Amino acid sequence: MIAYIIRRLLYTIPIIFGVMVVTFVLFNIVSGDVSDQIAGKAATAETIKEIRAEYGWDKPLFMSWDSQFVNHLKNCLTFRFGRSWSDRELIITKIKQGALPSLSLTVPMFIGELVISISLALIVAFFRGTIIDVLSVFVCVVLMSVPFLSFILFGQYFLAFKWGLFPVYFWPDLPLPEYVALPILIGIVAGLGGNLRFYRTVMLDELRNDYVRTASAKGLGTASVLFRHVLKNAMIPIITQVILAIPFLFLGSLLLERFFGIPGLGYLMIDAISARDFQVINAMTFIGAILFVVFNLITDICYSIVDPRISFE
Amino acid sequence: MRYCLWVILLLTAGCRYSANNPDPNDTVLYSTHSAKVRGLDPGDIGDVTSTIIASQMIECLYQYHYLKRPYELIPALAEDMPSASKDGLVYTIKIKKGVRFYDDACFKNGKGRELKAGDFVFAWKRIADIKYLSKNWWIFDNKIVGLDEFRQYSKACKTAADVDYNTPVEGLQTPDDYTLVIRLKKPWPQIVYLLAHLPTAPMAKEAVDYYRKDIINHPVGTGPYMLKLWHKGSYIEMVKNPTFRDEYYPSEGEPNDANNGLLADAGRKLPLTNRLISVLIHEDPPQWFLFLQGKIDVSGIPKDNFSQAIDQRQRLTPEMRARNIKLLNYRDPDTYWLGFNMEDEVLGKNLPLRMALSCAVNREKYIELFTNNRCEPAYGFIPPLMSSYNPDIRNIAQTDYDVQRAGRLVKEAEKIHGGKLPTLTLAMPSADAVARQEGDFYKSCFSEAGLEVEIDYMDWPTFQEKIKTKSAQMFALGWIGDYPDPENFLQLFYSKNASPGSNNFNYSNPQFDAIYEQVSVMPDGPERDALYKKAEEIVVKDCPAVFLLHGVAFVLSHDWAYNIKPHAFAYGTSKYRRVDETKKAAYSELLRKLK
C-alpha cells in the first residue's frame, strides 16, 4: 500500500507541473497586460513601466533563472502568491480569510445533501415501480430543471423577507449559524434532485443483484438488506462522488455567497475574475488543482478499503 | 464553539428571525456599498466606494458646504480659504491649530499627535514618489514647482526605501507648522477643488513607517470617525472619534432647507451619530429587502423595484408612504454618451455620418426603458447642475431624435464616403444582460436610419484597453464630474489628452484647444462661463459623440434618519446625519400593523 501511495504521489509531480505551466500560460501570456489598469486614469508610460517592474512583468518569460516562469514555479510551490494588484492585500491572507466562511456554508450543505439524498434514494429504490418512485422521479426532474438562481430568489423573498423565517442577508450583529442557515437550506434543496436521481440509480443497480434476493430469501429484514448489504456494495460510486466533491467545497459557492453576503472563496474568485486579478485566480486555480489531485488519491485508497476485490497492485 | 454549526443550526433554523433591541443612546447609521472597499490609503484610492468609506475618517483641507447650492467649498482642515497671489501662482494656506490625528498604535504611546503642514507635503510627495505607484499622480502632474523633479528623483532610486522624503520640493514650503505655501508652474484655479479631493488628504509619516504596505488597512486621519472593524468583503464599522476637532452643523442652506427640517440641528457639534456600519451588498434584491425591513436607513431604488416605490407621477407609491419613507432626488454631475473615435477612417472625416448616428438614437425611449425615467436627455456634455450649463444646447446641437433626418444625413455621408457605408462597431463595456439589451436598442435605432452597426460586448478591462489603444470605433461611456467646474468635462476634448489620456474621442480642434488653454487658467466668473459655453458649442457642432443623458438620482430614506440631503461631490457627509433609534425601533411595530 505504501509503495502504491508513493507511486501515486510521484505521478502527481508531472500533473502539478502541468497545472503550473497551464496557469502560467493562461495568466501571464494569454491574458494580457493589466499594468495600465493598475496605474489608473491618465497614467504616464513611466508609471506603467514602474508597475511592470514592481510585479516582475518586465522580466523575460522563460529563458532565465530569474524569469517570470521560474518565479511562478517558486511562488506556487512555496504558496507565496504575492499581493493582489486590485487591493494590494496578501493573496494567501485573502484565501485563509475566505476559507472558513466558505466551508461553513459548503460543508453543512454537502453533508446535509448527502445524508438526505442517500436516505431517500434507499427508500425510493425499495419502493421501485410504485407511485412513490414515480413521484420522486418527477420531483427530481422538476428540481433539476429549476435554475439555481430561482431557488435563491424564491428563498430570499418568501422564506426570509415575506415570512421572516430567516435573515435576508448577513448582518453584523448576527451569529454565523443564523445567516448561513437559509443558504444551506437552499443549497440542499437545489442539489437534491440530481443527487437523489444518481443515488437511486446506484441503489437500483445493486438491488437487482442476486445477493439481495439471497439475503431476503435467508430471512434478513429490509433494513438489514438495505443498510448492511446494498449500501455497502454501492459504496464505490458513492465514494467517487463524495470524495471528488470535497475539493470544490473549499472553492465555495459563487451565487450563494454573493446573494447572502458570505465573504468566502467563491466571492473572492468572482471578484478576482471581474477585476482581472490574475494572481488571485492563479492562486485559487493552483490550490484547487492540488486539492483535486490529493482527493483523487484518497478516493483510490478508499476503493480498496471498501471493496477487497480492488488490489493496490 | 462559535462554529459549532450543526447544533445551533438545528436550534435556529426555522425560528422566526427578529432583530436585537437597540440601545437608544447608541445611535448607528446603517448603509450599504455595492462594490468592495479596495483600500483605505487615501494616496492610492481611486474608486468611489473606498472614497466614501475613507472620507468619514480622513479629512482634506477643504470640504463642500453640506446644504448650500450651487455647491460651495468651505474650509475643513484649513483655517480659511486659500489666499492666492495676483498672478495665481502662489497659494498660501493656513492650517487649523489643535487638530489631532486620532489615536493609533503608530503614534508614540498610541496617542494621536497634532496635524502639521508638513503632513500635507509628505502626503503629496508620496503621491509623486513613483515607487509608491499611486493612481493619483494625475492630480499633481506638471502642476507644482519641483514636484515633477522629485518624481524623477524617486525614479532614479533603486528601491522604495531609498526615496528620501526630506529631499526639498521648491513648490511645497512650510514656513511654520501651520502654514502651507504652494508654488505653481502655471495658474491652476481648480486647485481648491482638488484640495477637497481625498487623495490630497494629509498623511502621518508615522503611520506609513509603522504599517508599511499594510497601510491600506489602517486609515489614520483626523476625521469625525475612526475605524473599529473592517471585515473584508463583508462590512465595515466606524466609531466616533473622541478627539475630533470642533465642527458644528451648518446654520444656513437653501431656502427650503428649514422647512424640510434640515436646519433643526444647526449649531450642534458633529458628528451626530455614534457609529457607522456599511455592509457590502452586491445584489439588488437583498439590498432592497433590507431597506424595507428597516435595517438600512437610506437607499437608492433598484431598477426592478422602481414601480414598487415610485408612481407614474414620479412620487412615492402609497406602499412607501405607509412605511413613512421619504423621497429625495438630485441631479448627478454626469453625462453618458456613445463616443466616436475621431481618428477612425470612416467616422472621423464624416460629420453627416456622426450627426446621423446622433439623430438616430431615441434618447427619451432609452431613458424610459433603461432608467425608469430617472435621467434627462443630453445634447451637450456639461451637466445641468453646473453653472455653465447651456439650456439652449439642444437647439445648438441639432441632434434631436429624427429618423427621417438621420436617413437624409446617411445619404450625405455615403457621398462623402464614396459609396455604401461599412458596418460600424460599437464597443460595450460589459456583456451582462442589461448591456445586451442596450446594445440591441442602439442597433435597432441605427438600423431604422439605415445604418448597420455591430455591437461588440466585452469586459471592462478589455474595453479600457481598446479605448486606450484607439482601437474602438464607437464606445458607450460617460464621465462623472470630480468637482463642480466644467473644466473637468472640457479636458475630455483637449487634443493633448488624446488616448491613452482622458480624451477617448481623440478629438482635436485648434479653436477648442485655444479656449481650453485660456479657461483652464482663468479664475471663476461670468467671462469664464461664457467661454465654457462657447467651447461646448464647438464640440457639439463637431459631434464627436451621441450625447445621451444626464443622471438624476432617487434616494429613499426612513423617517428616523434626519439631515439627509444628497450631495453630488461630497463623500464624508455621514457626520451630519442623525438617527432616532426610538423611532427606528417602532418600525417593526408599524410593519406588523401593515401586514
# chains A, B, ... in the order shown; residues from 1 in each chain; ligands from 1
call {"tool": "residues_around", "arguments": {"residues": "B:Pro422", "least_positions_apart": "5", "cutoff": "9 Å", "atoms": "only C-alpha atoms", "output": "JSON list (two decimals) with all heavy atoms, in the first residue's frame"}}
result
[["chain", "number", "residue", "atom", "x", "y", "z"],
["B", 346, "VAL", "N", -13.47, 56.02, -41.10],
["B", 346, "VAL", "CA", -14.84, 56.20, -41.56],
["B", 346, "VAL", "C", -15.55, 57.33, -40.81],
["B", 346, "VAL", "O", -16.13, 58.23, -41.42],
["B", 346, "VAL", "CB", -15.64, 54.88, -41.40],
["B", 346, "VAL", "CG1", -17.07, 55.04, -41.91],
["B", 346, "VAL", "CG2", -14.93, 53.75, -42.11],
["B", 451, "LEU", "N", -28.48, 52.45, -40.96],
["B", 451, "LEU", "CA", -27.06, 52.25, -40.63],
["B", 451, "LEU", "C", -26.85, 50.87, -40.01],
["B", 451, "LEU", "O", -27.62, 50.44, -39.15],
["B", 451, "LEU", "CB", -26.61, 53.29, -39.60],
["B", 451, "LEU", "CG", -26.46, 54.72, -40.13],
["B", 451, "LEU", "CD1", -26.48, 55.71, -38.98],
["B", 451, "LEU", "CD2", -25.15, 54.85, -40.91],
["B", 452, "GLU", "N", -25.84, 50.20, -40.50],
["B", 452, "GLU", "CA", -25.54, 48.87, -39.93],
["B", 452, "GLU", "C", -24.48, 49.03, -38.84],
["B", 452, "GLU", "O", -23.37, 49.52, -39.11],
["B", 452, "GLU", "CB", -24.98, 47.96, -41.02],
["B", 452, "GLU", "CG", -26.07, 47.17, -41.73],
["B", 452, "GLU", "CD", -25.48, 46.22, -42.74],
["B", 452, "GLU", "OE1", -24.60, 45.42, -42.36],
["B", 452, "GLU", "OE2", -25.88, 46.31, -43.91],
["B", 453, "VAL", "N", -24.83, 48.63, -37.65],
["B", 453, "VAL", "CA", -23.88, 48.73, -36.53],
["B", 453, "VAL", "C", -23.82, 47.40, -35.80],
["B", 453, "VAL", "O", -24.84, 46.83, -35.43],
["B", 453, "VAL", "CB", -24.28, 49.86, -35.54],
["B", 453, "VAL", "CG1", -23.34, 49.90, -34.35],
["B", 453, "VAL", "CG2", -24.29, 51.21, -36.23]]
call {"tool": "interface_residues", "arguments": {"of": "chain A", "to": "chain B", "cutoff": "7 Å", "atoms": "only C-alpha atoms", "output": "MDAnalysis selection string"}}
result
chainID A and resid 39:40 42:43 47 51 86:87 161 164:169 177:178 181 258:259 261 263
call {"tool": "write_last_selection", "arguments": {"atoms": "N, CA, C and O atoms", "output": "compact mmCIF listing (two decimals), in the first residue's frame"}}
result
# COMPACT_ATOMS: atom_id res chain seq x y z
N ALA A 39 -2.46 51.30 -13.00
CA ALA A 39 -1.97 52.68 -12.94
C ALA A 39 -3.09 53.70 -12.81
O ALA A 39 -2.87 54.81 -12.36
N GLY A 40 -4.31 53.34 -13.19
CA GLY A 40 -5.42 54.28 -13.07
C GLY A 40 -5.50 55.23 -14.23
O GLY A 40 -4.72 55.15 -15.19
N ALA A 42 -5.31 58.37 -16.74
CA ALA A 42 -4.28 59.33 -17.14
C ALA A 42 -2.88 58.96 -16.65
O ALA A 42 -2.09 59.83 -16.30
N ALA A 43 -2.60 57.66 -16.59
CA ALA A 43 -1.27 57.24 -16.13
C ALA A 43 -0.23 57.46 -17.21
O ALA A 43 -0.52 57.33 -18.39
N THR A 47 4.97 55.48 -15.26
CA THR A 47 4.29 54.83 -14.13
C THR A 47 4.01 53.37 -14.48
O THR A 47 4.22 52.47 -13.67
N ILE A 51 5.28 49.94 -12.62
CA ILE A 51 4.36 48.90 -12.16
C ILE A 51 4.80 47.55 -12.70
O ILE A 51 4.82 46.55 -11.98
N SER A 86 -5.36 44.33 -7.12
CA SER A 86 -6.56 45.17 -7.02
C SER A 86 -6.69 45.85 -5.67
O SER A 86 -7.25 46.93 -5.57
N ASP A 87 -6.17 45.23 -4.60
CA ASP A 87 -6.24 45.90 -3.30
C ASP A 87 -4.95 45.79 -2.50
O ASP A 87 -4.93 46.15 -1.33
N PHE A 161 -37.73 37.36 3.51
CA PHE A 161 -38.35 38.69 3.52
C PHE A 161 -39.84 38.63 3.89
O PHE A 161 -40.29 39.32 4.80
N GLY A 164 -40.27 36.02 7.17
CA GLY A 164 -39.38 36.34 8.28
C GLY A 164 -38.81 35.13 9.01
O GLY A 164 -38.49 35.22 10.19
N LEU A 165 -38.69 34.00 8.33
CA LEU A 165 -38.18 32.79 9.00
C LEU A 165 -36.66 32.82 9.15
O LEU A 165 -36.11 32.16 10.04
N PHE A 166 -36.01 33.53 8.27
CA PHE A 166 -34.54 33.61 8.30
C PHE A 166 -34.12 35.06 8.05
O PHE A 166 -34.90 35.83 7.51
N PRO A 167 -32.88 35.39 8.37
CA PRO A 167 -32.39 36.72 7.97
C PRO A 167 -32.27 36.78 6.44
O PRO A 167 -31.95 35.78 5.81
N VAL A 168 -32.53 37.95 5.89
CA VAL A 168 -32.44 38.13 4.43
C VAL A 168 -30.99 37.98 3.96
O VAL A 168 -30.71 37.45 2.89
N TYR A 169 -30.07 38.47 4.79
CA TYR A 169 -28.69 38.64 4.36
C TYR A 169 -27.81 38.65 5.60
O TYR A 169 -28.31 38.81 6.72
N PRO A 177 -24.16 30.98 12.36
CA PRO A 177 -25.12 29.92 12.01
C PRO A 177 -26.47 30.47 11.54
O PRO A 177 -27.11 29.87 10.71
N GLU A 178 -26.85 31.64 12.05
CA GLU A 178 -28.15 32.18 11.65
C GLU A 178 -28.16 32.61 10.20
O GLU A 178 -29.09 32.33 9.47
N ALA A 181 -27.95 29.69 7.60
CA ALA A 181 -29.00 28.66 7.62
C ALA A 181 -29.79 28.62 6.32
O ALA A 181 -29.97 27.55 5.73
N ARG A 258 -22.61 35.39 -2.88
CA ARG A 258 -22.89 36.74 -3.37
C ARG A 258 -24.27 37.24 -2.90
O ARG A 258 -24.43 38.38 -2.51
N PHE A 259 -25.27 36.37 -2.94
CA PHE A 259 -26.62 36.79 -2.59
C PHE A 259 -26.86 36.87 -1.09
O PHE A 259 -27.81 37.50 -0.64
N GLY A 261 -24.19 37.46 1.20
CA GLY A 261 -23.15 38.24 1.87
C GLY A 261 -22.18 37.41 2.67
O GLY A 261 -21.77 37.81 3.76
N PRO A 263 -18.52 36.19 2.97
CA PRO A 263 -17.24 36.57 2.36
C PRO A 263 -16.29 35.39 2.16
O PRO A 263 -15.21 35.33 2.73
call {"tool": "closest_residue", "arguments": {"among": "A:Val212, A:Ile111, A:Leu265, A:Lys94", "to": "A:Ser224", "atoms": "only C-alpha atoms"}}
result
A:Val212
call {"tool": "residues_around", "arguments": {"residues": "stretch 303-310 of chain A", "least_positions_apart": "3", "cutoff": "8 Å", "atoms": "only C-alpha atoms", "output": "list in words"}}
result
Lys232, Asn233, Met235, Ile236, Ile239, Thr299 and Asp300 of chain A
call {"tool": "write_last_selection", "arguments": {"atoms": "all heavy atoms", "output": "PDB file, in the first residue's frame"}}
result
ATOM      1  N   LYS A 232     -23.483  -0.974   1.442  1.00  0.00           N
ATOM      2  CA  LYS A 232     -22.046  -1.263   1.450  1.00  0.00           C
ATOM      3  C   LYS A 232     -21.535  -1.525   0.032  1.00  0.00           C
ATOM      4  O   LYS A 232     -20.464  -1.037  -0.361  1.00  0.00           O
ATOM      5  CB  LYS A 232     -21.772  -2.455   2.355  1.00  0.00           C
ATOM      6  CG  LYS A 232     -20.301  -2.578   2.699  1.00  0.00           C
ATOM      7  CD  LYS A 232     -20.051  -3.669   3.683  1.00  0.00           C
ATOM      8  CE  LYS A 232     -18.550  -3.801   3.904  1.00  0.00           C
ATOM      9  NZ  LYS A 232     -18.209  -4.957   4.696  1.00  0.00           N
ATOM     10  N   ASN A 233     -22.323  -2.274  -0.733  1.00  0.00           N
ATOM     11  CA  ASN A 233     -21.877  -2.576  -2.095  1.00  0.00           C
ATOM     12  C   ASN A 233     -22.016  -1.395  -3.048  1.00  0.00           C
ATOM     13  O   ASN A 233     -21.404  -1.387  -4.114  1.00  0.00           O
ATOM     14  CB  ASN A 233     -22.656  -3.780  -2.636  1.00  0.00           C
ATOM     15  CG  ASN A 233     -22.125  -5.062  -2.038  1.00  0.00           C
ATOM     16  OD1 ASN A 233     -20.972  -5.420  -2.237  1.00  0.00           O
ATOM     17  ND2 ASN A 233     -22.948  -5.734  -1.226  1.00  0.00           N
ATOM     18  N   MET A 235     -21.039   1.478  -2.273  1.00  0.00           N
ATOM     19  CA  MET A 235     -20.113   2.491  -1.779  1.00  0.00           C
ATOM     20  C   MET A 235     -19.136   3.016  -2.840  1.00  0.00           C
ATOM     21  O   MET A 235     -18.680   4.152  -2.750  1.00  0.00           O
ATOM     22  CB  MET A 235     -19.315   1.938  -0.592  1.00  0.00           C
ATOM     23  CG  MET A 235     -20.076   2.017   0.714  1.00  0.00           C
ATOM     24  SD  MET A 235     -20.837   3.590   0.948  1.00  0.00           S
ATOM     25  CE  MET A 235     -19.882   4.240   2.242  1.00  0.00           C
ATOM     26  N   ILE A 236     -18.771   2.184  -3.817  1.00  0.00           N
ATOM     27  CA  ILE A 236     -17.762   2.632  -4.797  1.00  0.00           C
ATOM     28  C   ILE A 236     -18.223   3.897  -5.536  1.00  0.00           C
ATOM     29  O   ILE A 236     -17.523   4.921  -5.514  1.00  0.00           O
ATOM     30  CB  ILE A 236     -17.418   1.491  -5.790  1.00  0.00           C
ATOM     31  CG1 ILE A 236     -16.664   0.375  -5.056  1.00  0.00           C
ATOM     32  CG2 ILE A 236     -16.605   2.004  -6.994  1.00  0.00           C
ATOM     33  CD1 ILE A 236     -15.211   0.684  -4.717  1.00  0.00           C
ATOM     34  N   ILE A 239     -18.422   6.803  -3.020  1.00  0.00           N
ATOM     35  CA  ILE A 239     -17.111   7.362  -2.644  1.00  0.00           C
ATOM     36  C   ILE A 239     -16.578   8.257  -3.763  1.00  0.00           C
ATOM     37  O   ILE A 239     -16.066   9.354  -3.532  1.00  0.00           O
ATOM     38  CB  ILE A 239     -16.120   6.213  -2.327  1.00  0.00           C
ATOM     39  CG1 ILE A 239     -16.448   5.657  -0.935  1.00  0.00           C
ATOM     40  CG2 ILE A 239     -14.676   6.698  -2.379  1.00  0.00           C
ATOM     41  CD1 ILE A 239     -15.674   4.418  -0.588  1.00  0.00           C
ATOM     42  N   THR A 299      -9.436   8.898  -2.906  1.00  0.00           N
ATOM     43  CA  THR A 299     -10.524   8.092  -3.477  1.00  0.00           C
ATOM     44  C   THR A 299     -10.031   6.693  -3.820  1.00  0.00           C
ATOM     45  O   THR A 299     -10.646   5.687  -3.475  1.00  0.00           O
ATOM     46  CB  THR A 299     -11.055   8.765  -4.765  1.00  0.00           C
ATOM     47  OG1 THR A 299     -11.313  10.114  -4.481  1.00  0.00           O
ATOM     48  CG2 THR A 299     -12.311   8.099  -5.284  1.00  0.00           C
ATOM     49  N   ASP A 300      -8.869   6.646  -4.476  1.00  0.00           N
ATOM     50  CA  ASP A 300      -8.318   5.347  -4.890  1.00  0.00           C
ATOM     51  C   ASP A 300      -8.008   4.471  -3.680  1.00  0.00           C
ATOM     52  O   ASP A 300      -8.233   3.254  -3.704  1.00  0.00           O
ATOM     53  CB  ASP A 300      -7.055   5.549  -5.733  1.00  0.00           C
ATOM     54  CG  ASP A 300      -7.399   6.087  -7.109  1.00  0.00           C
ATOM     55  OD1 ASP A 300      -8.613   6.133  -7.426  1.00  0.00           O
ATOM     56  OD2 ASP A 300      -6.486   6.479  -7.849  1.00  0.00           O
TER      57      ASP A 300
END
call {"tool": "select_by_dssp", "arguments": {"residues": "stretch 59-160 of chain A", "states": "alpha helix (DSSP H)", "output": "JSON, numbers by chain"}}
result
{"A": [68, 69, 70, 71, 72, 73, 74, 75, 76, 77, 78, 91, 92, 93, 94, 95, 96, 97, 98, 99, 100, 101, 102, 103, 104, 105, 106, 107, 108, 109, 110, 111, 112, 113, 114, 115, 116, 117, 118, 119, 120, 121, 122, 123, 124, 125, 126, 131, 132, 133, 134, 135, 136, 137, 138, 139, 140, 141, 142, 143, 144, 145, 148, 149, 150, 151, 152, 153, 154]}
call {"tool": "atom_distance", "arguments": {"atom1": "atom CA of B:Leu194", "atom2": "atom CA of A:Ile38"}}
result
21.5 Å
call {"tool": "residues_around", "arguments": {"residues": "A:Ala283", "least_positions_apart": "6", "cutoff": "8 Å", "atoms": "only C-alpha atoms", "output": "JSON, numbers by chain"}}
result
{"A": [76, 81, 91]}
call {"tool": "closest_residue", "arguments": {"among": "B:Ile52, B:Val220, B:Val361, B:Ile191", "to": "B:Gly112", "atoms": "only C-alpha atoms"}}
result
B:Val220
call {"tool": "residues_around", "arguments": {"residues": "A:Gln68", "least_positions_apart": "3", "cutoff": "9 Å", "atoms": "only C-alpha atoms", "output": "PyMOL selection string"}}
result
chain A and resi 24+28+56-62+64-65+71-73
call {"tool": "write_last_selection", "arguments": {"atoms": "N, CA and C atoms", "output": "JSON list (two decimals), in the first residue's frame"}}
result
[["chain", "number", "residue", "atom", "x", "y", "z"],
["A", 24, "PHE", "N", 0.41, 29.42, -15.87],
["A", 24, "PHE", "CA", 1.36, 30.47, -16.27],
["A", 24, "PHE", "C", 1.00, 31.00, -17.66],
["A", 28, "ASN", "N", -0.24, 34.70, -17.56],
["A", 28, "ASN", "CA", 0.89, 35.60, -17.78],
["A", 28, "ASN", "C", 1.11, 35.90, -19.26],
["A", 56, "GLY", "N", 7.29, 42.38, -11.51],
["A", 56, "GLY", "CA", 8.19, 41.46, -12.19],
["A", 56, "GLY", "C", 7.74, 41.10, -13.60],
["A", 57, "TRP", "N", 6.88, 41.92, -14.19],
["A", 57, "TRP", "CA", 6.38, 41.63, -15.53],
["A", 57, "TRP", "C", 7.32, 42.12, -16.62],
["A", 58, "ASP", "N", 8.40, 42.76, -16.20],
["A", 58, "ASP", "CA", 9.37, 43.22, -17.19],
["A", 58, "ASP", "C", 10.49, 42.19, -17.39],
["A", 59, "LYS", "N", 10.45, 41.12, -16.61],
["A", 59, "LYS", "CA", 11.49, 40.09, -16.71],
["A", 59, "LYS", "C", 11.21, 39.16, -17.89],
["A", 60, "PRO", "N", 12.25, 38.44, -18.39],
["A", 60, "PRO", "CA", 11.98, 37.51, -19.51],
["A", 60, "PRO", "C", 10.97, 36.44, -19.10],
["A", 61, "LEU", "N", 10.23, 35.93, -20.07],
["A", 61, "LEU", "CA", 9.18, 34.96, -19.75],
["A", 61, "LEU", "C", 9.77, 33.62, -19.29],
["A", 62, "PHE", "N", 10.76, 33.08, -20.08],
["A", 62, "PHE", "CA", 11.25, 31.73, -19.76],
["A", 62, "PHE", "C", 12.77, 31.63, -19.57],
["A", 64, "SER", "N", 15.59, 32.31, -18.34],
["A", 64, "SER", "CA", 16.49, 32.89, -17.34],
["A", 64, "SER", "C", 16.15, 32.29, -15.98],
["A", 65, "TRP", "N", 17.17, 32.29, -15.08],
["A", 65, "TRP", "CA", 16.91, 31.78, -13.73],
["A", 65, "TRP", "C", 15.98, 32.71, -12.96],
["A", 71, "ASN", "N", 9.94, 32.17, -11.45],
["A", 71, "ASN", "CA", 9.35, 32.81, -10.26],
["A", 71, "ASN", "C", 7.94, 32.30, -9.98],
["A", 72, "HIS", "N", 7.22, 32.04, -11.06],
["A", 72, "HIS", "CA", 5.86, 31.49, -10.92],
["A", 72, "HIS", "C", 5.93, 30.11, -10.24],
["A", 73, "LEU", "N", 6.88, 29.28, -10.68],
["A", 73, "LEU", "CA", 7.03, 27.95, -10.08],
["A", 73, "LEU", "C", 7.37, 28.07, -8.60]]
call {"tool": "atom_distance", "arguments": {"atom1": "atom CA of A:Leu256", "atom2": "atom CA of A:Ile270"}}
result
11.9 Å
call {"tool": "residues_around", "arguments": {"residues": "B:Lys415", "least_positions_apart": "4", "cutoff": "12 Å", "atoms": "only C-alpha atoms", "output": "ChimeraX atom specification"}}
result
/B:350-353,408-411,419-421
call {"tool": "closest_residue", "arguments": {"among": "A:Val294, A:Val22, A:Leu249, A:Val34", "to": "A:Thr106", "atoms": "only C-alpha atoms"}}
result
A:Leu249
call {"tool": "select_by_dssp", "arguments": {"residues": "stretch 545-574 of chain B", "states": "strand (DSSP E)", "output": "PyMOL selection string"}}
result
chain B and resi 545-557+561-562
call {"tool": "residues_around", "arguments": {"residues": "B:Thr179", "least_positions_apart": "2", "cutoff": "9 Å", "atoms": "only C-alpha atoms", "output": "VMD selection string"}}
result
chain B and resid 92 to 95 116 to 118 173 to 177 181
call {"tool": "closest_residue", "arguments": {"among": "A:Ile243, A:Ile184, A:Leu196, A:Val202", "to": "A:Ser119", "atoms": "only C-alpha atoms"}}
result
A:Leu196
call {"tool": "closest_residue", "arguments": {"among": "B:Asp265, B:Tyr64, B:Lys303, B:Ile564", "to": "B:Ile367", "atoms": "only C-alpha atoms"}}
result
B:Lys303
call {"tool": "atom_distance", "arguments": {"atom1": "atom CA of B:Leu492", "atom2": "atom CA of B:Ile393"}}
result
18.0 Å
call {"tool": "closest_residue", "arguments": {"among": "A:Phe27, A:Met20, A:Ile298, A:Phe292", "to": "A:Asn75", "atoms": "only C-alpha atoms"}}
result
A:Met20
